[in-house]
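Trainee: File coords10.tsv below, TSV, C-alpha atoms and all ligand atoms:
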```tsv
chain	number	residue	atom	x	y	z
T	1	MET	CA	-51.46	-3.34	61.79
T	2	PHE	CA	-50.61	-6.49	59.96
T	3	LEU	CA	-46.95	-6.07	60.97
T	4	MET	CA	-47.93	-7.10	64.45
T	5	TRP	CA	-48.40	-10.58	63.13
T	6	PHE	CA	-44.72	-11.01	62.52
T	7	LYS	CA	-42.32	-12.44	65.00
T	8	ARG	CA	-40.20	-9.88	66.79
T	9	ASN	CA	-37.01	-10.17	64.69
T	10	GLU	CA	-38.97	-10.08	61.47
T	11	TYR	CA	-40.78	-7.05	62.82
T	12	ILE	CA	-37.48	-5.25	63.46
T	13	THR	CA	-36.15	-6.17	60.00
T	14	LEU	CA	-39.25	-4.82	58.33
T	15	VAL	CA	-39.33	-1.63	60.39
T	16	LEU	CA	-35.71	-0.99	59.47
T	17	TYR	CA	-35.84	-1.93	55.81
T	18	GLU	CA	-39.39	-1.28	54.74
T	19	PRO	CA	-38.94	2.46	54.01
T	20	TYR	CA	-35.87	1.69	51.88
T	21	MET	CA	-37.66	-1.09	50.06
T	22	LEU	CA	-40.62	1.14	49.52
T	23	LEU	CA	-38.37	3.88	48.14
T	24	ILE	CA	-36.55	1.41	45.89
T	25	PHE	CA	-39.89	0.03	44.74
T	26	LEU	CA	-41.27	3.50	43.98
T	27	TYR	CA	-38.05	4.56	42.21
T	28	GLY	CA	-38.04	1.37	40.18
T	29	SER	CA	-41.69	1.69	39.16
T	30	LYS	CA	-41.14	5.27	38.08
T	31	LYS	CA	-38.19	4.20	35.93
T	32	ILE	CA	-40.20	1.37	34.40
T	33	LEU	CA	-43.15	3.66	33.72
T	34	ASN	CA	-40.90	6.25	32.12
T	35	PHE	CA	-39.22	3.60	30.02
T	36	MET	CA	-42.60	2.26	28.87
T	37	LYS	CA	-43.76	5.76	28.10
T	38	ARG	CA	-40.60	6.50	26.12
T	39	THR	CA	-40.79	3.25	24.15
T	40	LYS	CA	-44.46	3.83	23.39
T	41	ILE	CA	-43.77	7.35	22.16
T	42	LYS	CA	-40.81	6.07	20.16
T	43	GLN	CA	-42.91	3.37	18.55
T	44	ALA	CA	-45.80	5.73	17.89
T	45	CYS	CA	-43.41	8.24	16.32
T	46	MET	CA	-41.85	5.81	13.88
T	47	SER	CA	-44.23	5.67	10.95
T	48	ILE	CA	-43.08	5.51	7.34
T	49	ALA	CA	-44.53	7.87	4.73
T	50	ILE	CA	-44.37	6.95	1.05
T	51	CYS	CA	-44.19	10.14	-1.01
T	52	PHE	CA	-44.17	9.34	-4.73
T	53	ASN	CA	-44.97	10.99	-8.04
T	54	ASN	CA	-44.66	9.18	-11.39
T	55	LYS	CA	-44.38	5.80	-9.61
T	56	ASP	CA	-47.00	3.48	-8.16
T	57	PRO	CA	-46.65	3.49	-4.34
T	58	LYS	CA	-48.86	0.42	-3.79
T	59	PRO	CA	-46.27	-2.35	-4.35
T	60	TRP	CA	-43.98	-0.54	-1.89
T	61	ALA	CA	-46.73	-0.13	0.71
T	62	GLU	CA	-47.77	-3.77	0.38
T	63	THR	CA	-44.22	-5.09	0.67
T	64	LEU	CA	-43.30	-2.90	3.64
T	65	ARG	CA	-46.54	-3.69	5.48
T	66	LYS	CA	-45.87	-7.39	4.97
T	67	LYS	CA	-42.26	-7.21	6.08
T	68	LEU	CA	-42.81	-4.68	8.91
T	69	PRO	CA	-46.25	-5.67	10.27
T	70	ASP	CA	-45.96	-3.50	13.40
T	71	VAL	CA	-45.10	-0.31	11.57
T	72	GLU	CA	-47.58	2.23	10.24
T	73	VAL	CA	-46.88	2.65	6.52
T	74	GLU	CA	-48.80	5.53	4.96
T	75	ILE	CA	-49.05	6.80	1.40
T	76	TYR	CA	-49.03	10.56	0.88
T	77	PRO	CA	-51.47	12.38	0.80
T	78	ASP	CA	-53.23	9.99	3.23
T	79	ILE	CA	-51.10	10.86	6.24
T	80	LYS	CA	-53.00	10.78	9.56
T	81	ASP	CA	-50.46	12.62	11.64
T	82	TYR	CA	-47.43	14.30	10.09
T	83	GLU	CA	-45.75	14.43	13.53
T	84	THR	CA	-45.33	10.67	13.82
T	85	THR	CA	-43.43	10.23	10.58
T	86	THR	CA	-39.70	9.79	11.01
T	87	PHE	CA	-38.91	7.97	7.80
T	88	ALA	CA	-39.92	9.17	4.30
T	89	LEU	CA	-39.60	7.02	1.23
T	90	CYS	CA	-39.39	9.29	-1.80
T	91	TRP	CA	-39.63	9.37	-5.55
T	92	LYS	CA	-40.10	12.83	-7.08
T	93	ALA	CA	-42.16	14.01	-4.10
T	94	ASP	CA	-44.02	17.35	-4.39
T	95	ARG	CA	-41.76	20.35	-3.95
T	96	ASP	CA	-40.98	21.03	-0.27
T	97	LEU	CA	-43.43	18.37	0.89
T	98	LEU	CA	-40.92	17.05	3.42
T	99	THR	CA	-40.97	20.26	5.47
T	100	ARG	CA	-44.45	19.20	6.60
T	101	PHE	CA	-42.98	16.32	8.63
T	102	PRO	CA	-41.52	18.01	11.76
T	103	ASN	CA	-39.93	14.85	13.19
T	104	LEU	CA	-38.43	13.46	10.00
T	105	LYS	CA	-35.08	11.75	10.52
T	106	VAL	CA	-34.45	9.81	7.31
T	107	VAL	CA	-35.21	10.55	3.67
T	108	GLN	CA	-34.81	7.40	1.61
T	109	SER	CA	-34.72	7.55	-2.17
T	110	VAL	CA	-36.25	4.47	-3.79
T	111	GLY	CA	-33.83	4.87	-6.70
T	112	ALA	CA	-30.09	5.03	-7.13
T	113	SER	CA	-30.26	8.81	-7.50
T	114	VAL	CA	-31.13	11.59	-5.06
T	115	ASP	CA	-31.38	14.62	-7.37
T	116	HIS	CA	-35.18	14.29	-7.27
T	117	ILE	CA	-34.87	14.97	-3.53
T	118	LEU	CA	-32.03	17.48	-3.32
T	119	ASN	CA	-33.42	19.70	-6.07
T	120	TYR	CA	-37.00	19.78	-4.75
T	121	GLN	CA	-36.83	19.52	-0.96
T	122	THR	CA	-35.38	21.65	1.80
T	123	LEU	CA	-33.59	19.26	4.13
T	124	SER	CA	-32.49	20.31	7.59
T	125	GLU	CA	-28.89	19.54	8.54
T	126	ASP	CA	-29.68	16.57	10.76
T	127	ILE	CA	-31.62	14.65	8.09
T	128	ILE	CA	-29.99	11.45	6.90
T	129	LEU	CA	-30.31	10.97	3.15
T	130	SER	CA	-29.96	7.47	1.72
T	131	ARG	CA	-30.32	5.86	-1.69
T	132	ILE	CA	-30.73	2.36	-3.10
T	133	VAL	CA	-27.59	0.47	-4.01
T	134	ASP	CA	-28.67	-2.85	-5.45
T	135	ASP	CA	-26.87	-5.29	-7.75
T	136	ASN	CA	-30.12	-5.71	-9.68
T	137	LEU	CA	-29.95	-2.05	-10.73
T	138	SER	CA	-26.39	-2.41	-12.01
T	139	ALA	CA	-27.20	-5.62	-13.88
T	140	ASP	CA	-30.32	-4.14	-15.50
T	141	MET	CA	-28.45	-0.99	-16.51
T	142	PHE	CA	-25.69	-3.07	-18.09
T	143	GLU	CA	-28.20	-5.12	-20.08
T	144	PHE	CA	-30.04	-2.01	-21.29
T	145	VAL	CA	-26.85	-0.30	-22.40
T	146	LEU	CA	-25.58	-3.47	-24.07
T	147	ALA	CA	-28.85	-3.84	-25.99
T	148	GLY	CA	-28.52	-0.22	-27.18
T	149	ILE	CA	-24.89	-0.68	-28.22
T	150	MET	CA	-25.47	-3.94	-30.10
T	151	SER	CA	-28.55	-2.66	-31.87
T	152	HIS	CA	-26.51	0.38	-32.96
T	153	ILE	CA	-23.34	-1.39	-34.14
T	154	LYS	CA	-25.35	-4.03	-36.04
T	155	ARG	CA	-27.55	-1.27	-37.51
T	156	PHE	CA	-30.91	-2.73	-36.48
T	157	ASP	CA	-32.50	0.72	-36.61
T	158	ASN	CA	-31.61	1.14	-40.26
T	159	TYR	CA	-33.04	-2.26	-41.14
T	160	GLY	CA	-36.22	-1.35	-39.30
T	161	LEU	CA	-36.58	1.67	-41.56
T	162	TYR	CA	-35.65	-0.28	-44.74
T	163	ALA	CA	-38.16	-2.99	-43.96
T	164	LYS	CA	-40.95	-0.44	-44.20
T	165	ASP	CA	-40.17	-0.13	-47.97
T	166	GLN	CA	-39.16	-3.80	-48.45
T	167	GLN	CA	-35.55	-2.71	-49.09
T	168	TRP	CA	-33.03	-5.58	-49.06
T	169	GLN	CA	-29.92	-3.54	-48.42
T	170	PRO	CA	-26.89	-4.76	-46.46
T	171	ILE	CA	-25.08	-2.08	-44.44
T	172	PRO	CA	-21.53	-2.34	-43.06
T	173	TYR	CA	-21.53	-3.19	-39.38
T	174	LYS	CA	-19.00	-2.95	-36.57
T	175	SER	CA	-17.58	-5.67	-34.34
T	176	ILE	CA	-17.10	-5.40	-30.60
T	177	LYS	CA	-13.30	-5.42	-30.89
T	178	ASP	CA	-13.39	-2.30	-33.10
T	179	VAL	CA	-15.54	-0.16	-30.84
T	180	THR	CA	-14.36	2.27	-28.16
T	181	ILE	CA	-16.87	3.13	-25.51
T	182	GLY	CA	-16.69	6.13	-23.20
T	183	VAL	CA	-18.51	5.79	-19.89
T	184	LEU	CA	-19.18	9.03	-18.00
T	185	GLY	CA	-19.78	8.34	-14.31
T	186	LEU	CA	-18.02	5.54	-12.48
T	187	GLY	CA	-20.15	5.12	-9.38
T	188	LYS	CA	-21.55	1.74	-8.39
T	189	ILE	CA	-23.58	1.33	-11.59
T	190	GLY	CA	-21.17	3.07	-13.97
T	191	SER	CA	-18.19	1.00	-12.88
T	192	TYR	CA	-20.20	-2.22	-13.21
T	193	VAL	CA	-21.28	-1.25	-16.73
T	194	ALA	CA	-17.74	-0.22	-17.75
T	195	SER	CA	-16.01	-3.35	-16.45
T	196	ASN	CA	-18.59	-5.69	-17.96
T	197	LEU	CA	-18.40	-4.00	-21.36
T	198	GLY	CA	-14.62	-4.29	-21.14
T	199	ALA	CA	-14.94	-7.98	-20.32
T	200	LEU	CA	-16.93	-8.47	-23.55
T	201	GLY	CA	-14.03	-7.08	-25.60
T	202	PHE	CA	-14.97	-3.42	-26.12
T	203	THR	CA	-12.24	-0.87	-25.49
T	204	VAL	CA	-13.63	1.02	-22.51
T	205	LYS	CA	-12.58	4.43	-21.22
T	206	GLY	CA	-14.23	5.63	-18.06
T	207	TRP	CA	-14.45	9.13	-16.65
T	208	SER	CA	-15.28	10.39	-13.19
T	209	ARG	CA	-14.66	13.46	-11.02
T	210	THR	CA	-12.10	11.70	-8.86
T	211	PRO	CA	-9.52	9.04	-9.88
T	212	LYS	CA	-10.80	5.45	-9.97
T	213	GLU	CA	-9.43	2.02	-10.75
T	214	ILE	CA	-11.79	-0.35	-12.53
T	215	GLU	CA	-11.22	-3.71	-14.15
T	216	ASN	CA	-11.15	-3.83	-17.97
T	217	THR	CA	-11.40	-0.02	-18.08
T	218	THR	CA	-8.90	2.78	-18.59
T	219	CYS	CA	-9.93	5.43	-16.11
T	220	TYR	CA	-9.66	9.20	-16.51
T	221	PHE	CA	-10.69	12.09	-14.33
T	222	GLY	CA	-10.91	15.88	-14.29
T	223	GLU	CA	-11.28	18.22	-17.27
T	224	ALA	CA	-8.25	16.99	-19.18
T	225	GLY	CA	-9.41	13.42	-18.62
T	226	LEU	CA	-12.82	14.22	-20.07
T	227	ARG	CA	-11.19	15.52	-23.25
T	228	ASP	CA	-9.10	12.35	-23.56
T	229	VAL	CA	-12.17	10.14	-23.24
T	230	LEU	CA	-14.36	12.12	-25.63
T	231	GLN	CA	-11.68	12.37	-28.34
T	232	SER	CA	-11.47	8.62	-28.84
T	233	THR	CA	-15.04	7.52	-28.20
T	234	ASP	CA	-17.37	5.84	-30.71
T	235	ILE	CA	-20.24	5.33	-28.27
T	236	LEU	CA	-20.70	7.63	-25.30
T	237	ILE	CA	-22.68	6.36	-22.34
T	238	ASN	CA	-23.74	8.85	-19.70
T	239	ILE	CA	-24.40	7.43	-16.22
T	240	LEU	CA	-23.38	10.50	-14.21
T	241	PRO	CA	-25.32	11.67	-11.19
T	242	TYR	CA	-27.09	14.97	-11.79
T	243	THR	CA	-25.39	17.79	-9.87
T	244	LYS	CA	-24.67	21.48	-10.56
T	245	GLN	CA	-21.27	20.39	-11.94
T	246	THR	CA	-22.66	17.78	-14.35
T	247	GLU	CA	-25.68	19.74	-15.63
T	248	ASP	CA	-25.51	20.30	-19.44
T	249	ILE	CA	-22.33	18.22	-19.75
T	250	LEU	CA	-23.71	16.65	-22.94
T	251	ASN	CA	-23.42	19.90	-24.90
T	252	ALA	CA	-22.24	20.71	-28.44
T	253	LYS	CA	-18.69	21.57	-27.34
T	254	ASN	CA	-18.20	18.20	-25.67
T	255	LEU	CA	-20.16	16.06	-28.11
T	256	LYS	CA	-18.31	17.53	-31.11
T	257	GLN	CA	-15.10	16.02	-29.74
T	258	LEU	CA	-16.37	12.45	-30.19
T	259	ASN	CA	-15.23	10.29	-33.10
T	260	PRO	CA	-17.10	10.95	-36.37
T	261	GLU	CA	-20.61	9.48	-36.44
T	262	ALA	CA	-20.54	8.69	-32.73
T	263	TYR	CA	-23.56	7.39	-30.88
T	264	LEU	CA	-24.92	8.72	-27.57
T	265	ILE	CA	-26.69	6.71	-24.89
T	266	ASN	CA	-28.09	8.80	-22.03
T	267	VAL	CA	-29.23	6.86	-18.98
T	268	GLY	CA	-28.11	9.53	-16.49
T	269	ARG	CA	-30.52	12.45	-16.33
T	270	GLY	CA	-32.32	14.59	-18.88
T	271	GLU	CA	-30.64	17.65	-17.37
T	272	HIS	CA	-27.24	16.41	-18.57
T	273	LEU	CA	-28.23	16.87	-22.19
T	274	VAL	CA	-28.61	20.16	-24.03
T	275	GLU	CA	-31.49	19.01	-26.20
T	276	ASN	CA	-31.13	21.59	-29.00
T	277	ASP	CA	-27.41	20.84	-29.27
T	278	LEU	CA	-28.23	17.17	-29.84
T	279	LEU	CA	-30.79	18.04	-32.55
T	280	ASP	CA	-28.24	20.30	-34.30
T	281	LEU	CA	-25.46	17.68	-34.12
T	282	LEU	CA	-27.73	15.01	-35.60
T	283	GLU	CA	-28.80	17.39	-38.33
T	284	SER	CA	-25.20	18.25	-39.21
T	285	LYS	CA	-24.23	14.54	-39.02
T	286	TYR	CA	-21.67	15.05	-36.26
T	287	LEU	CA	-23.54	12.31	-34.42
T	288	PHE	CA	-25.00	9.13	-35.88
T	289	GLY	CA	-27.83	8.83	-33.40
T	290	ALA	CA	-28.90	8.64	-29.78
T	291	LEU	CA	-30.72	6.35	-27.40
T	292	LEU	CA	-32.32	8.37	-24.61
T	293	ASP	CA	-33.97	6.92	-21.52
T	294	VAL	CA	-34.17	10.13	-19.46
T	295	PHE	CA	-35.51	13.58	-20.27
T	296	ARG	CA	-35.68	17.07	-18.84
T	297	THR	CA	-39.45	16.71	-18.65
T	298	GLU	CA	-40.91	13.29	-17.90
T	299	PRO	CA	-43.13	11.97	-19.31
T	300	LEU	CA	-41.73	13.38	-22.54
T	301	PRO	CA	-44.20	16.06	-23.73
T	302	MET	CA	-46.46	15.01	-26.63
T	303	ASP	CA	-45.10	17.66	-28.98
T	304	HIS	CA	-41.43	17.01	-28.21
T	305	PRO	CA	-39.25	16.67	-31.37
T	306	PHE	CA	-37.48	13.58	-29.94
T	307	TRP	CA	-40.61	11.43	-30.39
T	308	GLN	CA	-40.57	11.47	-34.19
T	309	HIS	CA	-36.85	11.89	-34.82
T	310	GLU	CA	-35.46	9.14	-37.09
T	311	LYS	CA	-32.09	9.12	-35.35
T	312	ILE	CA	-33.35	9.19	-31.80
T	313	LYS	CA	-34.68	6.20	-29.95
T	314	THR	CA	-36.56	6.93	-26.74
T	315	THR	CA	-37.51	4.71	-23.82
T	316	PRO	CA	-39.65	5.85	-20.86
T	317	HIS	CA	-37.03	5.93	-18.07
T	318	ILE	CA	-36.92	2.15	-17.77
T	319	ALA	CA	-33.23	1.35	-18.14
T	320	ALA	CA	-32.95	0.09	-14.56
T	321	ILE	CA	-36.11	0.01	-12.48
T	322	THR	CA	-35.81	-0.51	-8.75
T	323	ASN	CA	-36.72	-4.05	-7.75
T	324	VAL	CA	-39.16	-3.57	-4.86
T	325	ASP	CA	-38.39	-6.91	-3.29
T	326	SER	CA	-34.62	-6.53	-3.06
T	327	ALA	CA	-34.63	-2.75	-2.51
T	328	SER	CA	-37.18	-3.03	0.31
T	329	GLU	CA	-34.60	-5.06	2.26
T	330	ILE	CA	-32.33	-2.01	2.21
T	331	VAL	CA	-35.19	0.23	3.33
T	332	ILE	CA	-36.05	-2.16	6.16
T	333	SER	CA	-32.44	-2.36	7.32
T	334	ASN	CA	-32.28	1.41	7.34
T	335	TYR	CA	-35.56	1.69	9.23
T	336	ARG	CA	-34.29	-0.75	11.87
T	337	ASN	CA	-30.89	0.93	12.03
T	338	LEU	CA	-32.62	4.23	12.72
T	339	GLN	CA	-34.65	2.67	15.53
T	340	GLU	CA	-31.58	1.08	17.06
T	341	GLY	CA	-29.40	4.15	16.67
T	342	LYS	CA	-27.08	2.37	14.23
T	343	LYS	CA	-25.39	3.72	11.09
T	344	LEU	CA	-27.62	3.68	8.00
T	345	LEU	CA	-26.72	2.06	4.67
T	346	ASN	CA	-25.93	3.98	1.48
T	347	VAL	CA	-25.90	7.41	3.06
T	348	VAL	CA	-25.47	10.21	0.53
T	349	SER	CA	-23.51	13.39	1.10
T	350	ILE	CA	-26.07	16.19	0.92
T	351	ALA	CA	-23.26	18.64	0.07
T	352	ASP	CA	-21.83	16.57	-2.83
T	353	GLY	CA	-25.21	15.39	-4.09
T	354	TYR	CA	-24.21	11.73	-4.51
P	1	LIG	C1	-33.38	5.96	-11.69
P	1	LIG	O1	-33.31	6.81	-12.49
P	1	LIG	C2	-32.83	5.99	-10.36
P	1	LIG	O2	-32.48	7.04	-9.87
P	1	LIG	O3	-32.75	4.91	-9.75
```
Is it possible to express this structure as structure tokens?
Ligand code: GLV
Mentor:
Amino acid sequence: MFLMWFKRNEYITLVLYEPYMLLIFLYGSKKILNFMKRTKIKQACMSIAICFNNKDPKPWAETLRKKLPDVEVEIYPDIKDYETTTFALCWKADRDLLTRFPNLKVVQSVGASVDHILNYQTLSEDIILSRIVDDNLSADMFEFVLAGIMSHIKRFDNYGLYAKDQQWQPIPYKSIKDVTIGVLGLGKIGSYVASNLGALGFTVKGWSRTPKEIENTTCYFGEAGLRDVLQSTDILINILPYTKQTEDILNAKNLKQLNPEAYLINVGRGEHLVENDLLDLLESKYLFGALLDVFRTEPLPMDHPFWQHEKIKTTPHIAAITNVDSASEIVISNYRNLQEGKKLLNVVSIADGY
């Protein structure tokens, strides 16, 4: 009716074009509605689940909630709806927990390693696995290892024992220039540790699965390369990732090849070390001592012989602790990259395990 109000030419224009405009309008609204619906579903489906054991999840939850105020960040087991989680942040999560999240897209380790995920979770093929690569981790690991080396070559442990009986007894010590260090594992952290020890004046020999070139370090690879490193090493530092190939690599056969009275520092994984072999080698004086930060069972069981052993120093897996502030930036970038369909940072090969 109201069309009658228009002048004749306007009337004709409207009669001709109105159905098209109406169609365009309806088509457009449908598109917009669908888009809004999709975006809403996408947003609703993008919550982050923090799945930790042996680590306090609260600092992570607080930091992520502050930096991502629009995102639902939940701490397992308080998960409202498993279907909406697309991003899981993990540290030693319960075995197969991740299969409960049907729409999971990314599994993010909050450490440099992923063995705590690969050995305990069943990941479908389309899951993206990522880890933390952070200069803070490399720097902390270097400092820890350096403290262990210096305390060993200057014999601080012996003086600690002597002091108990008020013994004033000088012991010969070693200088940096006289010490050869073997570094097993030349990934991000291992290569940083090796090159920085080399820069201090130690002779450093590094070993990895594939050939590498690292400053201040002579690099070796493969089985023959491992022999070459072990046979000239005074202090062996293990920073390997834990895989089927590296399990038990710190065994009697390998450790017996080290220089007499060698020292072992294990900051890789407990599973690298054959514990009884270490006890036997210390007993038979093949090895001088060991500094161990990682163990097959953590926390180290109360009755474990390592606790009281005079030649073993233990620390509770603290060599390089993830810095929540800097590492959360990596997590946030990855979360955003997932949303925007971009490539994620620090993706790990599920097949290779590192
Ligand atoms: C520590 O062990 C880590 O994996 O970052």
Trainee: List every residue of chain T that has an atom at most 9 Å from any atom of ligand LIG 1 (chain P), and for each one report the closest atom pair and its distance in Å to one decimal, counting all atoms listed in the file, with rows sorted by chain and then by increasing residue number, as JSON lines.
Mentor:
```
{"residue": "T:Trp91", "atom": "CA", "partner": "P:LIG1", "partner_atom": "O2", "distance": 8.7}
{"residue": "T:Ser109", "atom": "CA", "partner": "P:LIG1", "partner_atom": "O2", "distance": 8.0}
{"residue": "T:Val110", "atom": "CA", "partner": "P:LIG1", "partner_atom": "O3", "distance": 6.9}
{"residue": "T:Gly111", "atom": "CA", "partner": "P:LIG1", "partner_atom": "O3", "distance": 3.2}
{"residue": "T:Ala112", "atom": "CA", "partner": "P:LIG1", "partner_atom": "O3", "distance": 3.7}
{"residue": "T:Ser113", "atom": "CA", "partner": "P:LIG1", "partner_atom": "O2", "distance": 3.7}
{"residue": "T:Val114", "atom": "CA", "partner": "P:LIG1", "partner_atom": "O2", "distance": 6.8}
{"residue": "T:Asp115", "atom": "CA", "partner": "P:LIG1", "partner_atom": "O2", "distance": 8.1}
{"residue": "T:His116", "atom": "CA", "partner": "P:LIG1", "partner_atom": "O2", "distance": 8.2}
{"residue": "T:Arg131", "atom": "CA", "partner": "P:LIG1", "partner_atom": "O3", "distance": 8.5}
{"residue": "T:Ile132", "atom": "CA", "partner": "P:LIG1", "partner_atom": "O3", "distance": 7.4}
{"residue": "T:Val133", "atom": "CA", "partner": "P:LIG1", "partner_atom": "O3", "distance": 8.9}
{"residue": "T:Leu137", "atom": "CA", "partner": "P:LIG1", "partner_atom": "O3", "distance": 7.6}
{"residue": "T:Pro241", "atom": "CA", "partner": "P:LIG1", "partner_atom": "O2", "distance": 8.6}
{"residue": "T:Val267", "atom": "CA", "partner": "P:LIG1", "partner_atom": "O1", "distance": 7.7}
{"residue": "T:Gly268", "atom": "CA", "partner": "P:LIG1", "partner_atom": "O1", "distance": 7.1}
{"residue": "T:Arg269", "atom": "CA", "partner": "P:LIG1", "partner_atom": "O1", "distance": 7.4}
{"residue": "T:Val294", "atom": "CA", "partner": "P:LIG1", "partner_atom": "O1", "distance": 7.8}
{"residue": "T:His317", "atom": "CA", "partner": "P:LIG1", "partner_atom": "O1", "distance": 6.8}
{"residue": "T:Ile318", "atom": "CA", "partner": "P:LIG1", "partner_atom": "O1", "distance": 7.9}
{"residue": "T:Ala319", "atom": "CA", "partner": "P:LIG1", "partner_atom": "O1", "distance": 7.9}
{"residue": "T:Ala320", "atom": "CA", "partner": "P:LIG1", "partner_atom": "C1", "distance": 6.5}
{"residue": "T:Ile321", "atom": "CA", "partner": "P:LIG1", "partner_atom": "O3", "distance": 6.5}
{"residue": "T:Thr322", "atom": "CA", "partner": "P:LIG1", "partner_atom": "O3", "distance": 6.3}
```
Trainee: Have a look at CA of Ser47 (chain T) and CA of Asn346 (chain T) and let me know their distance in Å, one decimal.
Mentor: 20.7 Å
Trainee: Tell me which protein, DNA and RNA residues are within 10 Å of Ile235 (chain T), counting only C-alpha atoms, leaving out same-chain ones fewer than 3 positions away, and put them as a list of chain:residue names.
Mentor: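 The residues that qualify are T:Ile149, T:His152, T:Ile153, T:Val179, T:Thr180, T:Ile181, T:Gly182, T:Val183, T:Val204, T:Leu230, T:Ser232, T:Asn238, T:Leu258, T:Asn259, T:Glu261, T:Ala262, T:Tyr263, T:Leu264, T:Ile265, T:Leu287, T:Phe288, T:Gly289, T:Ala290.
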Trainee: Distance cut-off 10 Å, centre (-41.2, 9.8, -2.5) in file coordinates, counting all atoms listed in the file: which residues qualify? Return them as a ChimeraX atom specification.
Mentor: /T:49-55,57,75-76,88-94,97-98,107-111,116-117
Trainee: May I ask which of the residues T:Asn251, T:Ser208, T:Gln257, T:Thr85 is the closest one to Glu275 (chain T), counting all atoms listed in the file?
Mentor: T:Asn251
Trainee: Env of Val229 (chain T): 7 Å cut, atoms = all atoms listed in the file, seq-sep filter 4 positions within chain, self excluded. Answer as a PyMOL selection string.
Mentor: chain T and resi 182+205+225+233
Trainee: Write the residues of the selection above to a file with C-alpha atoms, as an mmCIF file, in the coordinates of the input.
Mentor:
```
data_model
loop_
_atom_site.group_PDB
_atom_site.id
_atom_site.type_symbol
_atom_site.label_atom_id
_atom_site.label_comp_id
_atom_site.auth_asym_id
_atom_site.auth_seq_id
_atom_site.Cartn_x
_atom_site.Cartn_y
_atom_site.Cartn_z
ATOM 1 C CA GLY T 182 -16.690 6.130 -23.200
ATOM 2 C CA LYS T 205 -12.580 4.430 -21.220
ATOM 3 C CA GLY T 225 -9.410 13.420 -18.620
ATOM 4 C CA THR T 233 -15.040 7.520 -28.200
#
```
Trainee: Could you state the separation of CA of Pro59 (chain T) and CA of Ser138 (chain T) in Å, given to one decimal place?
Mentor: 21.3 Å
Trainee: Considering only C-alpha atoms, can you say which of T:Thr63, T:Pro69, T:Met46, T:Asn158 comes closest to Asn323 (chain T)?
Mentor: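 Closest residue, counting only C-alpha atoms: T:Thr63.
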Trainee: Need to verify the contact set: Pro170 (chain T), 12 Å, only C-alpha atoms, exclusion of same-chain residues closer than 2 positions in sequence. Can you return it as number ranges by chain?
Mentor: T: 154-156, 158-159, 162-163, 167-168, 172-173
Trainee: Out of T:Arg100, T:Lys212, T:His272, T:Lys253, which residue has the shortest atom-to-atom distance to Ile237 (chain T) when counting only C-alpha atoms?
Mentor: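 Among the listed residues, T:His272 lies closest to Ile237 (chain T).
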Trainee: Provide the CA of Lys343 (chain T) to CA of Ile128 (chain T) distance in Å, to one decimal place.
Mentor: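 CA of Lys343 (chain T) sits 9.9 Å away from CA of Ile128 (chain T).
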